[in-house]
Amino acid sequence: MKSILMLAAALLTLATSQAQNFPNRPIRIVVPFAAGGPADITTRNIGPRLTELLGQPIVVDNRAGANGTIGAEAVIRAAPDGHTLLMTTASVTSINMVTYAKPPYDTLRDMLPLSPVMTTGSLIVLHPSMPAKTLKEFVALAKSRPNQIAFGSAGTGGTLHLGLEMLMAEAKIKITHVAYKGAAPAVSDVVAGQIQGMFVDLPVISPYVKSGRVRAIAVAAQQRSPHFPDIPSAKEAGFADVDMLNYYGLLTQAKVPRDIALKLHDAIIKTVNTPAVRDRLLSVGADPLTMSIEEFTDYIRQDIEKWRKVVKSANLSFER
């Protein structure tokens with residue numbers, strides 16, 4: 001009995017020492033999409049404050065491809081010491097679990113959710129050369145041009161792609177889907193007129209909407225966004241099933257020691273609640289959000305089931 005107590009005390013001392021010495025080198029945040037997209041923008045918005053709180057530089061590592069699975073796998077393979085984090089979205093940790101026949105990882109088995117950072121809605125945007133000014137007009141146009149209009153996304157099977165699938169299913173239209181390695185290159189092609197439009201999260205598209213370089217015809221939601229109150233919702237246009245809400249948050253490996261995970265969680269909470277950070281997130285059309293580790297884990301579990309219903313209803317399945 002005495003030896004068991006001594007072992008327990010030794011383990012407790014070791015865990016305490018690990019947390020006190022953490023972090024002891026730069027922290028790498030893997031962004032599983034191309035630079036310039038909403039996940040990248042979010043990471044760079046919170047990075048400076050995390051650096052202040054943790055006392056180590058934040059290194060942003062963009063690992064784009066395969067709808068975020070390349071970046072997610074890079075995090076899972078890293079040493080489980082808390083120095084490698086994943087900036088996730090619903091595409092990476094929720095949707096990939098239900099769109100791939102054999103997902104390369106299991107979010108709730110292989111990862112430890114730390115906290116969300118924000119949620120955001122999505123806009124349906126078009127190049128200004130498109131004649132449609134509203135979602136109803138666009139649907140009518142698409143019906144007259146089946147598969148002749150191209151919409152981009154951040155990757156096959158992601159939230160932006162599924163938004164398009166929702167619209168095509170409900171409106172009974174056919175649009176050509178073009179998958180990119182992130183939202184930023186897709187937005188660039190919409191702005192350049194290489195493709196005609198896309199579903200896209202507010203943080204990356206807001207400046208282009210405000211400058212008139214793209215035309216927003218609807219918010220992909222049940223109600224209008226407080227960030228763009230003049231843009232009608234998809235429900236107002238008669239397409240209530242086109243309802244999207246994306247989350248952005250930080251995860252690490254499932255085997256990271258609990259005390260280190262809690263130290264990271266505490267820094268994330270303080271970062272998001274820093275007035276300057278909150279203002280930056282709000283300014284790009286995001287809604288700051290934090291949760292406990294347990295709350296975020298349950299949130300992702302419920303989100304997986306929500307998207308499972310969407311994917312099943314649309315009869316979608318993708319190969320990696």
# chains A, B, ... in the order shown; residues from 1 in each chain; ligands from 1
$ residues_around --residues "Arg301 of chain A" --least-positions-apart "4" --cutoff "12 Å" --atoms "only C-alpha atoms" --output "list in words"
Ala90, Thr93, Ser94, Ile95, Met97, Val98, Asp106, Thr107, Leu108, Arg109, Pro113, Glu294, Glu295, Phe296, Thr297, Glu305, Lys306, Trp307 and Arg308 of chain A
$ select_by_dssp --residues "segment 75-297 of chain A" --states "helix (DSSP H, G or I)" --output "JSON, numbers by chain"
{"A": [75, 76, 77, 90, 91, 92, 93, 94, 95, 96, 97, 98, 99, 107, 108, 109, 110, 135, 136, 137, 138, 139, 140, 141, 142, 143, 144, 159, 160, 161, 162, 163, 164, 165, 166, 167, 168, 169, 170, 171, 183, 184, 185, 186, 187, 188, 189, 190, 191, 192, 202, 203, 204, 205, 206, 207, 208, 209, 210, 211, 258, 259, 260, 261, 262, 263, 264, 265, 266, 267, 268, 269, 270, 271, 272, 275, 276, 277, 278, 279, 280, 281, 282, 283, 293, 294, 295, 296, 297]}
$ write_last_selection --atoms "C-alpha atoms" --output "PDB file, in the first residue's frame"
ATOM      1  CA  VAL A  75      -1.160  16.995 -35.350  1.00  0.00           C
ATOM      2  CA  ILE A  76      -2.126  13.472 -34.328  1.00  0.00           C
ATOM      3  CA  ARG A  77       1.335  12.187 -35.280  1.00  0.00           C
ATOM      4  CA  ALA A  90     -16.619  21.813 -38.546  1.00  0.00           C
ATOM      5  CA  SER A  91     -15.277  20.434 -41.830  1.00  0.00           C
ATOM      6  CA  VAL A  92     -12.229  18.872 -40.191  1.00  0.00           C
ATOM      7  CA  THR A  93     -13.521  17.496 -36.919  1.00  0.00           C
ATOM      8  CA  SER A  94     -17.225  16.965 -37.597  1.00  0.00           C
ATOM      9  CA  ILE A  95     -17.995  16.535 -41.289  1.00  0.00           C
ATOM     10  CA  ASN A  96     -14.996  14.353 -42.156  1.00  0.00           C
ATOM     11  CA  MET A  97     -16.303  11.826 -39.658  1.00  0.00           C
ATOM     12  CA  VAL A  98     -19.451  11.279 -41.723  1.00  0.00           C
ATOM     13  CA  THR A  99     -18.475  11.950 -45.344  1.00  0.00           C
ATOM     14  CA  THR A 107     -11.934  13.124 -33.712  1.00  0.00           C
ATOM     15  CA  LEU A 108     -13.224  12.101 -30.295  1.00  0.00           C
ATOM     16  CA  ARG A 109     -10.735   9.244 -29.949  1.00  0.00           C
ATOM     17  CA  ASP A 110      -7.570  10.816 -31.328  1.00  0.00           C
ATOM     18  CA  LEU A 135     -31.046  34.185 -54.276  1.00  0.00           C
ATOM     19  CA  LYS A 136     -34.374  33.630 -56.052  1.00  0.00           C
ATOM     20  CA  GLU A 137     -33.012  35.246 -59.196  1.00  0.00           C
ATOM     21  CA  PHE A 138     -29.874  33.129 -58.961  1.00  0.00           C
ATOM     22  CA  VAL A 139     -31.866  29.897 -58.628  1.00  0.00           C
ATOM     23  CA  ALA A 140     -33.898  30.836 -61.704  1.00  0.00           C
ATOM     24  CA  LEU A 141     -30.677  31.567 -63.585  1.00  0.00           C
ATOM     25  CA  ALA A 142     -29.118  28.268 -62.514  1.00  0.00           C
ATOM     26  CA  LYS A 143     -32.197  26.357 -63.655  1.00  0.00           C
ATOM     27  CA  SER A 144     -31.777  27.877 -67.098  1.00  0.00           C
ATOM     28  CA  THR A 159     -19.030  23.019 -44.961  1.00  0.00           C
ATOM     29  CA  LEU A 160     -18.857  25.273 -48.025  1.00  0.00           C
ATOM     30  CA  HIS A 161     -19.345  22.321 -50.367  1.00  0.00           C
ATOM     31  CA  LEU A 162     -22.203  20.939 -48.278  1.00  0.00           C
ATOM     32  CA  GLY A 163     -23.881  24.346 -48.310  1.00  0.00           C
ATOM     33  CA  LEU A 164     -23.888  24.157 -52.095  1.00  0.00           C
ATOM     34  CA  GLU A 165     -25.250  20.608 -51.948  1.00  0.00           C
ATOM     35  CA  MET A 166     -28.045  21.786 -49.638  1.00  0.00           C
ATOM     36  CA  LEU A 167     -29.015  24.534 -52.082  1.00  0.00           C
ATOM     37  CA  MET A 168     -28.903  22.250 -55.129  1.00  0.00           C
ATOM     38  CA  ALA A 169     -31.058  19.647 -53.371  1.00  0.00           C
ATOM     39  CA  GLU A 170     -33.693  22.103 -52.153  1.00  0.00           C
ATOM     40  CA  ALA A 171     -33.789  24.311 -55.272  1.00  0.00           C
ATOM     41  CA  ALA A 183     -11.306  29.175 -49.016  1.00  0.00           C
ATOM     42  CA  ALA A 184      -8.767  31.878 -49.881  1.00  0.00           C
ATOM     43  CA  PRO A 185      -7.813  30.601 -53.376  1.00  0.00           C
ATOM     44  CA  ALA A 186     -11.481  29.995 -54.158  1.00  0.00           C
ATOM     45  CA  VAL A 187     -12.350  33.555 -53.122  1.00  0.00           C
ATOM     46  CA  SER A 188      -9.527  34.853 -55.311  1.00  0.00           C
ATOM     47  CA  ASP A 189     -11.040  33.110 -58.316  1.00  0.00           C
ATOM     48  CA  VAL A 190     -14.522  34.468 -57.573  1.00  0.00           C
ATOM     49  CA  VAL A 191     -13.084  37.986 -57.333  1.00  0.00           C
ATOM     50  CA  ALA A 192     -11.212  37.432 -60.599  1.00  0.00           C
ATOM     51  CA  LEU A 202     -17.835  35.779 -43.156  1.00  0.00           C
ATOM     52  CA  PRO A 203     -14.261  36.362 -41.887  1.00  0.00           C
ATOM     53  CA  VAL A 204     -12.629  35.807 -45.265  1.00  0.00           C
ATOM     54  CA  ILE A 205     -15.282  37.407 -47.500  1.00  0.00           C
ATOM     55  CA  SER A 206     -16.366  40.468 -45.479  1.00  0.00           C
ATOM     56  CA  PRO A 207     -13.800  42.872 -46.993  1.00  0.00           C
ATOM     57  CA  TYR A 208     -14.739  41.855 -50.535  1.00  0.00           C
ATOM     58  CA  VAL A 209     -18.466  42.307 -49.850  1.00  0.00           C
ATOM     59  CA  LYS A 210     -17.902  45.734 -48.299  1.00  0.00           C
ATOM     60  CA  SER A 211     -15.732  46.840 -51.225  1.00  0.00           C
ATOM     61  CA  ARG A 258      -4.529  16.837 -18.432  1.00  0.00           C
ATOM     62  CA  ASP A 259      -2.672  19.574 -16.542  1.00  0.00           C
ATOM     63  CA  ILE A 260      -1.019  20.794 -19.745  1.00  0.00           C
ATOM     64  CA  ALA A 261      -4.361  20.686 -21.556  1.00  0.00           C
ATOM     65  CA  LEU A 262      -5.896  22.799 -18.791  1.00  0.00           C
ATOM     66  CA  LYS A 263      -3.056  25.319 -19.040  1.00  0.00           C
ATOM     67  CA  LEU A 264      -3.674  25.617 -22.775  1.00  0.00           C
ATOM     68  CA  HIS A 265      -7.420  25.863 -22.218  1.00  0.00           C
ATOM     69  CA  ASP A 266      -6.975  28.658 -19.697  1.00  0.00           C
ATOM     70  CA  ALA A 267      -4.768  30.614 -22.118  1.00  0.00           C
ATOM     71  CA  ILE A 268      -7.299  30.199 -24.930  1.00  0.00           C
ATOM     72  CA  ILE A 269     -10.172  31.428 -22.738  1.00  0.00           C
ATOM     73  CA  LYS A 270      -8.187  34.478 -21.631  1.00  0.00           C
ATOM     74  CA  THR A 271      -7.152  35.176 -25.214  1.00  0.00           C
ATOM     75  CA  VAL A 272     -10.665  35.108 -26.667  1.00  0.00           C
ATOM     76  CA  PRO A 275     -11.153  42.983 -25.533  1.00  0.00           C
ATOM     77  CA  ALA A 276      -8.748  43.662 -28.413  1.00  0.00           C
ATOM     78  CA  VAL A 277      -9.024  40.064 -29.646  1.00  0.00           C
ATOM     79  CA  ARG A 278     -12.812  40.031 -29.337  1.00  0.00           C
ATOM     80  CA  ASP A 279     -12.978  43.284 -31.293  1.00  0.00           C
ATOM     81  CA  ARG A 280     -10.790  41.819 -34.063  1.00  0.00           C
ATOM     82  CA  LEU A 281     -12.962  38.711 -34.329  1.00  0.00           C
ATOM     83  CA  LEU A 282     -16.174  40.742 -34.363  1.00  0.00           C
ATOM     84  CA  SER A 283     -14.754  43.113 -36.976  1.00  0.00           C
ATOM     85  CA  ILE A 293     -13.055  21.015 -22.486  1.00  0.00           C
ATOM     86  CA  GLU A 294     -16.076  18.864 -21.645  1.00  0.00           C
ATOM     87  CA  GLU A 295     -18.536  21.302 -23.230  1.00  0.00           C
ATOM     88  CA  PHE A 296     -16.533  21.537 -26.444  1.00  0.00           C
ATOM     89  CA  THR A 297     -16.206  17.759 -26.634  1.00  0.00           C
TER      90      THR A 297
END
$ select_by_dssp --residues "segment 30-219 of chain A" --states "strand (DSSP E)" --output "JSON, numbers by chain"
{"A": [30, 31, 58, 59, 60, 61, 62, 84, 85, 86, 87, 88, 89, 111, 112, 113, 114, 115, 116, 117, 118, 119, 120, 122, 123, 124, 125, 126, 150, 151, 152, 153, 176, 177, 178, 179, 197, 198, 199, 200, 201, 215, 216, 217, 218, 219]}
